[in-house]
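A short write-up of the structure that comes next.
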Protein chains: 2
Amino acid sequence: MSKILLVEDEDSLREIISFNLKNEGHVVVGTDNANDALIIIEEFVPDLILLDIMLPGLKGTQFLNLIRSNSKYSDMPIIIISAKSSENDIVNALEAGADDYLTKPFSIKVLTAKVKVIMKRSPHARDKKVIEYDGLVVDENDYRVFCGNAEVTLTHKEFELLLLFLKHPKRVFTRNQLLSTVWGYDSDVYTRTVDSHISSLRKKLGEKGNIIKSIPKIGYKVE
Amino acid sequence: MSKILLVEDEDSLREIISFNLKNEGHVVVGTDNANDALIIIEEFVPDLILLDIMLPGLKGTQFLNLIRSNSKYSDMPIIIISAKSSENDIVNALEAGADDYLTKPFSIKVLTAKVKVIMKRSPHARDKKVIEYDGLVVDENDYRVFCGNAEVTLTHKEFELLLLFLKHPKRVFTRNQLLSTVWGYDSDVYTRTVDSHISSLRKKLGEKGNIIKSIPKIGYKVE
DNA sequence: CATAATTTTAACAACTTTGTAACAAATTTA
DNA sequence: TAAATTTGTTACAAAGTTGTTAAAATTATG
């Protein structure tokens with residue numbers, strides 16, 4: 001399970017790849033241009049980039065060079081996907097720092113197998129605990145939360161609450177269940193403290209805040 | 001420059017590949033069968049294996065499995081070369097532990113480029129003892145640290161801490177993880193000692209000091 | 001073995017998070 | 001519809017965490 005950034009301008013292909021990688025258990029963020037990709041990298045910090053080399057605007061090769069020349073990202077694995085299949089194109093991409101090169105049309109199964117191989121070798125590969133739900137990404141390793149592409153800073157209690165909800169989407173928790181799980185079974189905290197934290201959590205999540213539903217007389221759930 | 005074992009039964013192809021890889025500065029040992037390959041591995045200990053999957057006698061797939069199941073060689077990079085180009089063949093080889101798959105006839109230039117890519121990622125290649133992150137250079141060989149162009153003098157504990165952080169950028173360490181890694185698993189030092197060292201480390205790193213982030217209630221990370 | 005350097009602890013300051021309470025808004029109940 | 005109850009929100013004091021410094025303890029070094 002890895003965080004993958006997919007840069008592909010063809011909408012339908014992006015959807016197909018994204019769908020299949022998500023099926024494999026990866027968290028995928030897609031974009032149709034390299035400029036946005038640069039911004040997303042900063043925030044989302046993917047484990048692997050899938051890059052269409054022929055993009056409108058900032059070209060894939062330029063993007064590749066930018067990434068490789070930035071020491072922060074210099075060893076982020078990159079797989080090129082491209083319609084160009086000449087020896088020169090492949091060799092150039094590999095020499096520019098790509099890790100692999102797939103020519104369109106390619107088999108999705110081969111792609112997912114290659115993603116696995118690369119992740120196995122990557123230093124980023126250590127076991128990830130990343131949960132994704134409706135555009136919300138909670139990275140349990142780094143204690144980071146992403147809402148869309150933007151990172152959201154949560155306090156510890158807010159983080160624990162959100163994590164619990166996203167680990168059990170749709171499940172209804174009573175305030176006391178939340179208290180005993182997040183605060184500890186012997187906490188002697190006023191039940192309405194939960195409401196207060198839910199409120200600030202909703203606020204920080206912005207629009208996405210309303211996936212936290214209150215169940216009158218019972219408690220809360222995320223849906 | 002790497003040590004490469006080439007397992008290919010077709011003499012002329014073996015000669016061509018061998019010639020070209022040697023030209024690139026690699027040391028190449030070739031054989032036409034998998035049984036000999038197993039013996040050569042013990043003696044020669046290659047950095048990379050190029051394996052024709054269709055061999056007389058012991059089959060390439062069996063060979064692949066043998067290598068992968070031997071913990072001593074389990075992460076030795078293997079590139080498959082094969083005349084079979086079906087999706088299934090490729091996926092099976094990759095899932096069996098191959099690092100890449102080239103279908104015959106392939107371009108020698110692409111092969112040499114792929115060899116470079118794989119060697120770059122291999123643990124041998126990564127083994128250089130100089131780590132660089134965001135303008136910070138830590139030279140593990142002579143215990144020196146450079147921040148920008150200026151050398152910074154760190155104490156041993158500070159050095160070990162920084163090294164650990166830079167070896168795992170973005171990873172969050174709890175105070176106890178830091179203690180058990182840097183101080184030793186049986187150290188009985190007060191957890192807040194870590195904070196004290198982090199503080200002086202930050203100070204010595206000047207501006208760059210704030211790449212060390214505190215994760216409230218958890219610990220620290222470098223980002 | 002004395003001196004210097006490093007490491008640990010402790011104390012306090014600065015800062016952040018948390019819990020509560022009070023009130024507003026919404027919902028339910030009678 | 002009015003009263004009662006429940007939930008949402010906010011401000012703020014209390015509690016807790018982290019940052020920093022200096023002195024004490026320990027370890028290395030000439």
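If you're wondering about the labels, chains in the structure tokens are A, B, ... by order shown, residues count from 1 in each chain, ligands from 1 in order shown.
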**Item:** Test item, strand (DSSP E) assignment across chain A, answer as a ChimeraX atom specification
**Value:** /A:3-7,27-31,48-52,78-82,100-103,130-133,136-139,144-147,150-152,173-174,212-215,219-222
**Request:** Would you kindly return, as a ChimeraX atom specification, each protein, DNA or RNA residue with an atom no farther than 12 Å from any atom of C:DA13, considering only C-alpha atoms (C1' of nucleotides) and excluding same-chain residues fewer than 3 positions away?
**Result:** /D:18-21
Same residues, N, CA and C atoms (P, O5', C5', C4', C3', O3' and C1' of nucleotides), output as a PDB file, in the first residue's frame:
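After the write, again-v8.pdb holds the following:
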```
ATOM      1  P    DT D  18       5.403  16.890  23.854  1.00  0.00           P
ATOM      2  O5'  DT D  18       6.230  18.247  23.706  1.00  0.00           O
ATOM      3  C5'  DT D  18       5.791  19.225  22.775  1.00  0.00           C
ATOM      4  C4'  DT D  18       6.673  20.455  22.872  1.00  0.00           C
ATOM      5  C3'  DT D  18       8.153  20.201  22.585  1.00  0.00           C
ATOM      6  O3'  DT D  18       8.540  21.157  21.600  1.00  0.00           O
ATOM      7  C1'  DT D  18       7.899  21.411  24.597  1.00  0.00           C
ATOM      8  P    DG D  19      10.039  21.355  21.147  1.00  0.00           P
ATOM      9  O5'  DG D  19      10.434  22.591  22.061  1.00  0.00           O
ATOM     10  C5'  DG D  19       9.911  23.869  21.744  1.00  0.00           C
ATOM     11  C4'  DG D  19      10.782  24.957  22.373  1.00  0.00           C
ATOM     12  C3'  DG D  19      12.267  24.821  22.069  1.00  0.00           C
ATOM     13  O3'  DG D  19      12.763  26.136  21.831  1.00  0.00           O
ATOM     14  C1'  DG D  19      11.925  24.727  24.424  1.00  0.00           C
ATOM     15  P    DT D  20      14.300  26.393  21.513  1.00  0.00           P
ATOM     16  O5'  DT D  20      14.874  26.661  22.964  1.00  0.00           O
ATOM     17  C5'  DT D  20      14.224  27.666  23.757  1.00  0.00           C
ATOM     18  C4'  DT D  20      15.023  27.892  25.023  1.00  0.00           C
ATOM     19  C3'  DT D  20      16.538  27.794  24.866  1.00  0.00           C
ATOM     20  O3'  DT D  20      17.073  29.006  25.357  1.00  0.00           O
ATOM     21  C1'  DT D  20      15.788  26.479  26.697  1.00  0.00           C
ATOM     22  P    DT D  21      18.631  29.376  25.121  1.00  0.00           P
ATOM     23  O5'  DT D  21      19.190  29.286  26.600  1.00  0.00           O
ATOM     24  C5'  DT D  21      18.442  29.904  27.656  1.00  0.00           C
ATOM     25  C4'  DT D  21      18.851  29.290  28.975  1.00  0.00           C
ATOM     26  C3'  DT D  21      20.358  29.147  29.158  1.00  0.00           C
ATOM     27  O3'  DT D  21      20.743  30.027  30.195  1.00  0.00           O
ATOM     28  C1'  DT D  21      19.180  27.191  29.872  1.00  0.00           C
TER      29       DT D  21
END
```
Contacts between chain B and chain A, please, where a residue of chain A counts if it comes within 9 Å (with only C-alpha atoms); show its shortest atom pair and distance in Å to one decimal, rows by chain and ascending number, as CSV.
```
residue,atom,partner,partner_atom,distance
A:Asn70,CA,B:Asp134,CA,8.5
A:Ser71,CA,B:Asp134,CA,6.3
A:Lys72,CA,B:Asp134,CA,5.9
A:Asp75,CA,B:Arg121,CA,8.6
A:Glu87,CA,B:Val110,CA,6.5
A:Asn88,CA,B:Val110,CA,8.4
A:Ile90,CA,B:Val110,CA,6.7
A:Val91,CA,B:Val110,CA,5.5
A:Asn92,CA,B:Ala113,CA,8.7
A:Leu94,CA,B:Ala113,CA,6.2
A:Glu95,CA,B:Ala113,CA,6.6
A:Gly97,CA,B:Val117,CA,7.6
A:Ala98,CA,B:Val117,CA,7.7
A:Asp99,CA,B:Val117,CA,6.1
A:Asp100,CA,B:Lys114,CA,7.8
A:Ser107,CA,B:Glu87,CA,6.8
A:Lys109,CA,B:Val91,CA,6.8
A:Val110,CA,B:Val91,CA,5.5
A:Leu111,CA,B:Val91,CA,8.9
A:Thr112,CA,B:Val91,CA,8.8
A:Ala113,CA,B:Val91,CA,6.0
A:Lys114,CA,B:Leu94,CA,7.0
A:Lys116,CA,B:Glu95,CA,8.3
A:Val117,CA,B:Asp99,CA,6.1
A:Ile118,CA,B:Asp99,CA,7.7
A:Arg121,CA,B:Arg121,CA,7.1
A:Ser122,CA,B:Arg121,CA,7.6
A:Pro123,CA,B:His168,CA,8.6
A:His124,CA,B:His168,CA,8.7
A:Asn141,CA,B:Val172,CA,6.9
A:Asp142,CA,B:Val172,CA,5.6
A:Tyr143,CA,B:Val172,CA,7.9
A:Thr155,CA,B:Pro216,CA,7.7
A:His156,CA,B:Lys217,CA,6.9
```
Create the file for the chosen residues now, containing C-alpha atoms and written as a compact mmCIF listing (two decimals), in the first residue's frame.
```txt
# COMPACT_ATOMS: atom_id res chain seq x y z
CA ASN A 70 15.78 18.57 -6.05
CA SER A 71 17.71 16.65 -3.44
CA LYS A 72 14.61 16.35 -1.32
CA ASP A 75 15.24 9.31 -4.98
CA GLU A 87 14.98 3.36 -28.22
CA ASN A 88 16.11 6.96 -27.80
CA ILE A 90 13.37 5.14 -23.50
CA VAL A 91 17.10 5.55 -22.96
CA ASN A 92 16.77 9.30 -22.48
CA LEU A 94 16.00 6.28 -18.00
CA GLU A 95 19.16 8.36 -18.07
CA GLY A 97 16.36 9.43 -13.80
CA ALA A 98 13.21 7.45 -14.51
CA ASP A 99 12.99 4.07 -12.85
CA ASP A 100 10.98 2.37 -15.54
CA SER A 107 -1.28 -3.74 -19.70
CA LYS A 109 -1.62 -5.83 -14.84
CA VAL A 110 1.95 -5.22 -15.92
CA LEU A 111 1.73 -1.71 -14.52
CA THR A 112 0.51 -2.86 -11.11
CA ALA A 113 3.15 -5.59 -11.05
CA LYS A 114 5.84 -3.02 -11.82
CA LYS A 116 4.91 -3.57 -6.67
CA VAL A 117 8.46 -4.31 -7.79
CA ILE A 118 9.52 -0.71 -7.47
CA ARG A 121 13.02 -1.78 -3.68
CA SER A 122 12.19 1.69 -2.52
CA PRO A 123 13.43 3.02 0.79
CA HIS A 124 10.01 4.61 1.19
CA ASN A 141 3.00 6.79 10.26
CA ASP A 142 3.63 10.46 9.96
CA TYR A 143 0.63 11.64 11.94
CA THR A 155 -4.19 18.13 17.55
CA HIS A 156 -3.58 14.72 18.99
```
Please, can I see chain B fitted onto chain A by all in-order Cα atoms (least squares), as a compact mmCIF listing (two decimals) with C-alpha atoms, in the first residue's frame?
```txt
# COMPACT_ATOMS: atom_id res chain seq x y z
CA MET B 1 -6.91 17.21 -13.42
CA SER B 2 -3.29 16.90 -12.46
CA LYS B 3 0.09 18.29 -13.31
CA ILE B 4 2.05 15.63 -15.15
CA LEU B 5 5.69 15.59 -16.12
CA LEU B 6 6.43 13.40 -19.12
CA VAL B 7 10.02 12.31 -19.65
CA GLU B 8 10.32 10.57 -23.04
CA ASP B 9 13.00 11.04 -25.64
CA GLU B 10 11.02 9.81 -28.61
CA ASP B 11 9.41 12.99 -29.92
CA SER B 12 6.42 11.45 -31.66
CA LEU B 13 5.46 9.28 -28.70
CA ARG B 14 5.85 12.24 -26.35
CA GLU B 15 3.49 14.25 -28.53
CA ILE B 16 0.89 11.50 -28.62
CA ILE B 17 0.91 10.89 -24.88
CA SER B 18 0.92 14.59 -24.15
CA PHE B 19 -1.98 15.22 -26.50
CA ASN B 20 -4.09 12.49 -24.92
CA LEU B 21 -3.39 13.43 -21.33
CA LYS B 22 -4.20 17.06 -22.11
CA ASN B 23 -7.46 15.85 -23.62
CA GLU B 24 -8.24 14.24 -20.28
CA GLY B 25 -7.87 17.63 -18.67
CA HIS B 26 -4.34 17.29 -17.30
CA VAL B 27 -1.58 19.85 -17.53
CA VAL B 28 1.39 18.18 -19.18
CA VAL B 29 5.00 19.32 -19.41
CA GLY B 30 7.24 17.18 -21.57
CA THR B 31 10.98 16.83 -21.85
CA ASP B 32 13.30 14.46 -23.66
CA ASN B 33 15.94 14.07 -20.98
CA ALA B 34 16.31 13.43 -17.28
CA ASN B 35 18.58 16.39 -16.52
CA ASP B 36 15.97 18.87 -17.64
CA ALA B 37 13.35 16.81 -15.82
CA LEU B 38 15.17 17.41 -12.52
CA ILE B 39 15.03 21.15 -13.08
CA ILE B 40 11.41 21.11 -14.18
CA ILE B 41 10.40 19.18 -11.07
CA GLU B 42 11.68 22.00 -8.86
CA GLU B 43 9.66 24.60 -10.70
CA PHE B 44 6.60 22.78 -11.91
CA VAL B 45 6.17 20.36 -8.98
CA PRO B 46 4.19 17.73 -10.86
CA ASP B 47 1.60 15.46 -9.28
CA LEU B 48 2.82 12.53 -11.34
CA ILE B 49 5.85 11.64 -13.45
CA LEU B 50 5.70 9.47 -16.55
CA LEU B 51 9.20 8.22 -17.12
CA ASP B 52 10.76 6.41 -20.03
CA ILE B 53 13.33 4.20 -18.34
CA MET B 54 15.69 4.17 -21.35
CA LEU B 55 16.92 7.66 -21.90
CA PRO B 56 20.09 9.06 -23.42
CA GLY B 57 22.37 10.73 -20.88
CA LEU B 58 21.19 10.36 -17.31
CA LYS B 59 19.46 7.00 -17.24
CA GLY B 60 15.88 6.53 -16.09
CA THR B 61 16.92 4.21 -13.27
CA GLN B 62 19.39 6.77 -11.95
CA PHE B 63 16.70 9.41 -12.22
CA LEU B 64 14.28 7.19 -10.33
CA ASN B 65 16.79 6.70 -7.55
CA LEU B 66 17.51 10.41 -7.34
CA ILE B 67 13.83 11.22 -6.93
CA ARG B 68 13.22 8.49 -4.41
CA SER B 69 16.18 9.45 -2.29
CA ASN B 70 15.09 13.07 -2.10
CA SER B 71 12.70 13.22 0.81
CA LYS B 72 10.95 16.20 -0.74
CA TYR B 73 9.79 14.07 -3.64
CA SER B 74 10.00 10.63 -2.13
CA ASP B 75 6.34 9.96 -2.53
CA MET B 76 5.75 11.52 -5.90
CA PRO B 77 3.99 8.92 -8.04
CA ILE B 78 6.04 7.62 -10.97
CA ILE B 79 4.83 5.45 -13.82
CA ILE B 80 7.55 3.83 -15.89
CA ILE B 81 7.15 3.39 -19.63
CA SER B 82 9.62 1.10 -21.26
CA ALA B 83 10.32 -1.17 -24.20
CA LYS B 84 11.87 -3.70 -21.86
CA SER B 85 9.32 -6.19 -20.69
CA SER B 86 11.27 -8.84 -18.83
CA GLU B 87 10.25 -9.89 -15.37
CA ASN B 88 13.52 -8.57 -13.99
CA ASP B 89 13.13 -5.13 -15.52
CA ILE B 90 9.64 -4.79 -14.13
CA VAL B 91 10.48 -6.05 -10.65
CA ASN B 92 13.60 -3.90 -10.46
CA ALA B 93 11.72 -0.76 -11.42
CA LEU B 94 8.95 -1.46 -8.93
CA GLU B 95 11.43 -2.18 -6.17
CA ALA B 96 13.32 0.99 -7.01
CA GLY B 97 10.17 2.89 -6.23
CA ALA B 98 8.08 3.05 -9.37
CA ASP B 99 4.34 2.91 -8.89
CA ASP B 100 3.53 1.16 -12.13
CA TYR B 101 5.20 -0.16 -15.25
CA LEU B 102 3.86 -0.04 -18.79
CA THR B 103 5.58 -1.87 -21.61
CA LYS B 104 5.75 -0.34 -25.04
CA PRO B 105 3.73 -0.45 -27.16
CA PHE B 106 0.98 0.32 -24.70
CA SER B 107 -2.58 1.45 -25.10
CA ILE B 108 -3.12 5.15 -24.53
CA LYS B 109 -6.45 4.37 -22.94
CA VAL B 110 -4.81 2.04 -20.46
CA LEU B 111 -2.26 4.73 -19.71
CA THR B 112 -4.88 7.38 -19.02
CA ALA B 113 -6.86 4.92 -16.89
CA LYS B 114 -3.73 4.14 -14.88
CA VAL B 115 -2.99 7.81 -14.43
CA LYS B 116 -6.47 8.23 -12.95
CA VAL B 117 -6.00 5.28 -10.59
CA ILE B 118 -2.70 6.58 -9.32
CA MET B 119 -3.96 10.10 -8.88
CA LYS B 120 -6.91 8.77 -6.90
CA ARG B 121 -4.49 7.18 -4.44
CA SER B 122 -2.04 10.03 -4.30
CA PRO B 123 -1.88 12.16 -1.19
CA HIS B 124 -2.92 15.23 -3.18
CA ALA B 125 -6.12 13.55 -4.23
CA ARG B 126 -6.80 12.23 -0.76
CA ASP B 127 -6.44 15.70 0.64
CA LYS B 128 -10.10 16.55 0.55
CA LYS B 129 -11.22 17.65 3.94
CA VAL B 130 -14.46 15.73 4.03
CA ILE B 131 -14.40 12.30 5.57
CA GLU B 132 -17.21 9.84 5.24
CA TYR B 133 -17.58 6.62 7.15
CA ASP B 134 -20.62 4.41 7.36
CA GLY B 135 -23.09 7.23 6.83
CA LEU B 136 -21.23 9.66 9.06
CA VAL B 137 -19.85 12.72 7.31
CA VAL B 138 -17.28 14.95 8.95
CA ASP B 139 -16.48 18.17 7.16
CA GLU B 140 -13.22 19.45 8.49
CA ASN B 141 -13.47 22.73 6.58
CA ASP B 142 -16.44 24.10 8.42
CA TYR B 143 -16.49 21.84 11.46
CA ARG B 144 -19.77 20.20 10.65
CA VAL B 145 -20.91 16.65 11.18
CA PHE B 146 -23.77 14.87 9.49
CA CYS B 147 -25.27 11.66 10.68
CA GLY B 148 -27.44 10.26 7.96
CA ASN B 149 -29.04 13.45 6.65
CA ALA B 150 -29.27 15.26 9.94
CA GLU B 151 -26.61 17.62 11.15
CA VAL B 152 -25.22 16.94 14.59
CA THR B 153 -23.77 19.69 16.72
CA LEU B 154 -20.61 18.63 18.46
CA THR B 155 -18.36 20.45 20.86
CA HIS B 156 -14.76 20.97 19.87
CA LYS B 157 -13.38 18.02 21.81
CA GLU B 158 -16.09 15.73 20.56
CA PHE B 159 -15.37 16.85 17.01
CA GLU B 160 -11.63 16.28 17.34
CA LEU B 161 -12.19 12.85 18.79
CA LEU B 162 -14.58 11.81 16.04
CA LEU B 163 -12.28 13.21 13.38
CA LEU B 164 -9.33 11.27 14.72
CA PHE B 165 -11.33 8.07 14.82
CA LEU B 166 -12.68 8.50 11.32
CA LYS B 167 -9.29 9.37 9.92
CA HIS B 168 -8.09 6.01 11.18
CA PRO B 169 -11.06 3.71 11.11
CA LYS B 170 -10.57 0.39 12.91
CA ARG B 171 -7.45 1.60 14.62
CA VAL B 172 -7.43 1.11 18.36
CA PHE B 173 -6.40 4.12 20.42
CA THR B 174 -5.47 3.93 24.05
CA ARG B 175 -6.90 6.60 26.30
CA ASN B 176 -3.47 8.12 26.57
CA GLN B 177 -3.03 8.22 22.82
CA LEU B 178 -6.35 10.01 22.53
CA LEU B 179 -5.34 12.40 25.28
CA SER B 180 -2.00 13.22 23.75
CA THR B 181 -3.44 13.65 20.27
CA VAL B 182 -6.63 15.53 21.01
CA TRP B 183 -5.68 17.26 24.27
CA GLY B 184 -1.97 17.68 23.58
CA TYR B 185 1.06 15.72 24.70
CA ASP B 186 1.48 17.68 27.92
CA SER B 187 -2.10 17.64 29.08
CA ASP B 188 -2.50 16.55 32.66
CA VAL B 189 -6.06 15.49 32.39
CA TYR B 190 -7.50 12.47 34.12
CA THR B 191 -7.67 9.59 31.61
CA ARG B 192 -11.31 8.93 32.36
CA THR B 193 -12.20 12.31 30.94
CA VAL B 194 -11.92 10.56 27.61
CA ASP B 195 -14.68 8.16 28.60
CA SER B 196 -16.90 11.03 29.50
CA HIS B 197 -16.48 12.63 26.09
CA ILE B 198 -16.93 9.31 24.34
CA SER B 199 -20.16 8.91 26.21
CA SER B 200 -21.58 12.24 25.12
CA LEU B 201 -20.32 11.69 21.59
CA ARG B 202 -22.12 8.38 21.40
CA LYS B 203 -25.26 9.97 22.72
CA LYS B 204 -25.20 12.74 20.13
CA LEU B 205 -24.61 10.29 17.31
CA GLY B 206 -27.69 8.32 18.31
CA GLU B 207 -27.84 4.88 16.71
CA LYS B 208 -24.57 5.49 14.92
CA GLY B 209 -23.03 6.02 18.33
CA ASN B 210 -22.26 2.37 18.63
CA ILE B 211 -19.68 2.42 15.88
CA ILE B 212 -17.44 3.59 18.71
CA LYS B 213 -16.37 0.36 20.36
CA SER B 214 -14.56 0.09 23.61
CA ILE B 215 -11.65 -2.33 23.70
CA PRO B 216 -11.56 -3.52 27.29
CA LYS B 217 -8.38 -2.61 29.12
CA ILE B 218 -7.01 -0.80 26.09
CA GLY B 219 -9.15 2.04 24.79
CA TYR B 220 -11.49 2.74 21.92
CA LYS B 221 -11.84 2.37 18.19
CA VAL B 222 -14.41 3.07 15.50
CA GLU B 223 -15.63 0.23 13.38
```
**Asked** When DSSP works through the backbone of this structure, what residues of stretch 15-184 of chain B end up as alpha helix (DSSP H), shown as an MDAnalysis selection string?
**Response** chainID B and resid 15:23 34:44 60:69 87:95 108:121 123:126 156:167 175:178
**chain C residues near chain B (10 Å cut-off, only C-alpha atoms (C1' of nucleotides)) as number ranges by chain** = C: 5-9, 16-17
Please report, as a tab-separated table, each residue of chain D lying at most 9 Å from chain A, together with the nearest pair of atoms and the separation in Å rounded to one decimal; use only C-alpha atoms (C1' of nucleotides), and order rows by chain and ascending residue number.
```
residue	atom	partner	partner_atom	distance
D:DT6	C1'	A:Lys217	CA	7.2
D:DT7	C1'	A:Pro216	CA	7.9
D:DG8	C1'	A:Ser199	CA	7.0
D:DT9	C1'	A:Ser199	CA	7.3
```
**Message:** Just checking: using only C-alpha atoms (C1' of nucleotides), which residue out of C:DA30, C:DC1, C:DA25, C:DA14 ends up closest to D:DA4?
**Reply:**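 Smallest distance to D:DA4 is found for C:DA30.
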**Prompt:** Which value, in Å to one decimal, gives the distance between atom C1' of D:DC12 and atom C1' of C:DA26?
**Reply:**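 Computed distance, atom C1' of D:DC12 to atom C1' of C:DA26, equals 25.1 Å.
Atom C1' of C:DC12 lies 17.0 Å from atom C1' of D:DA24.
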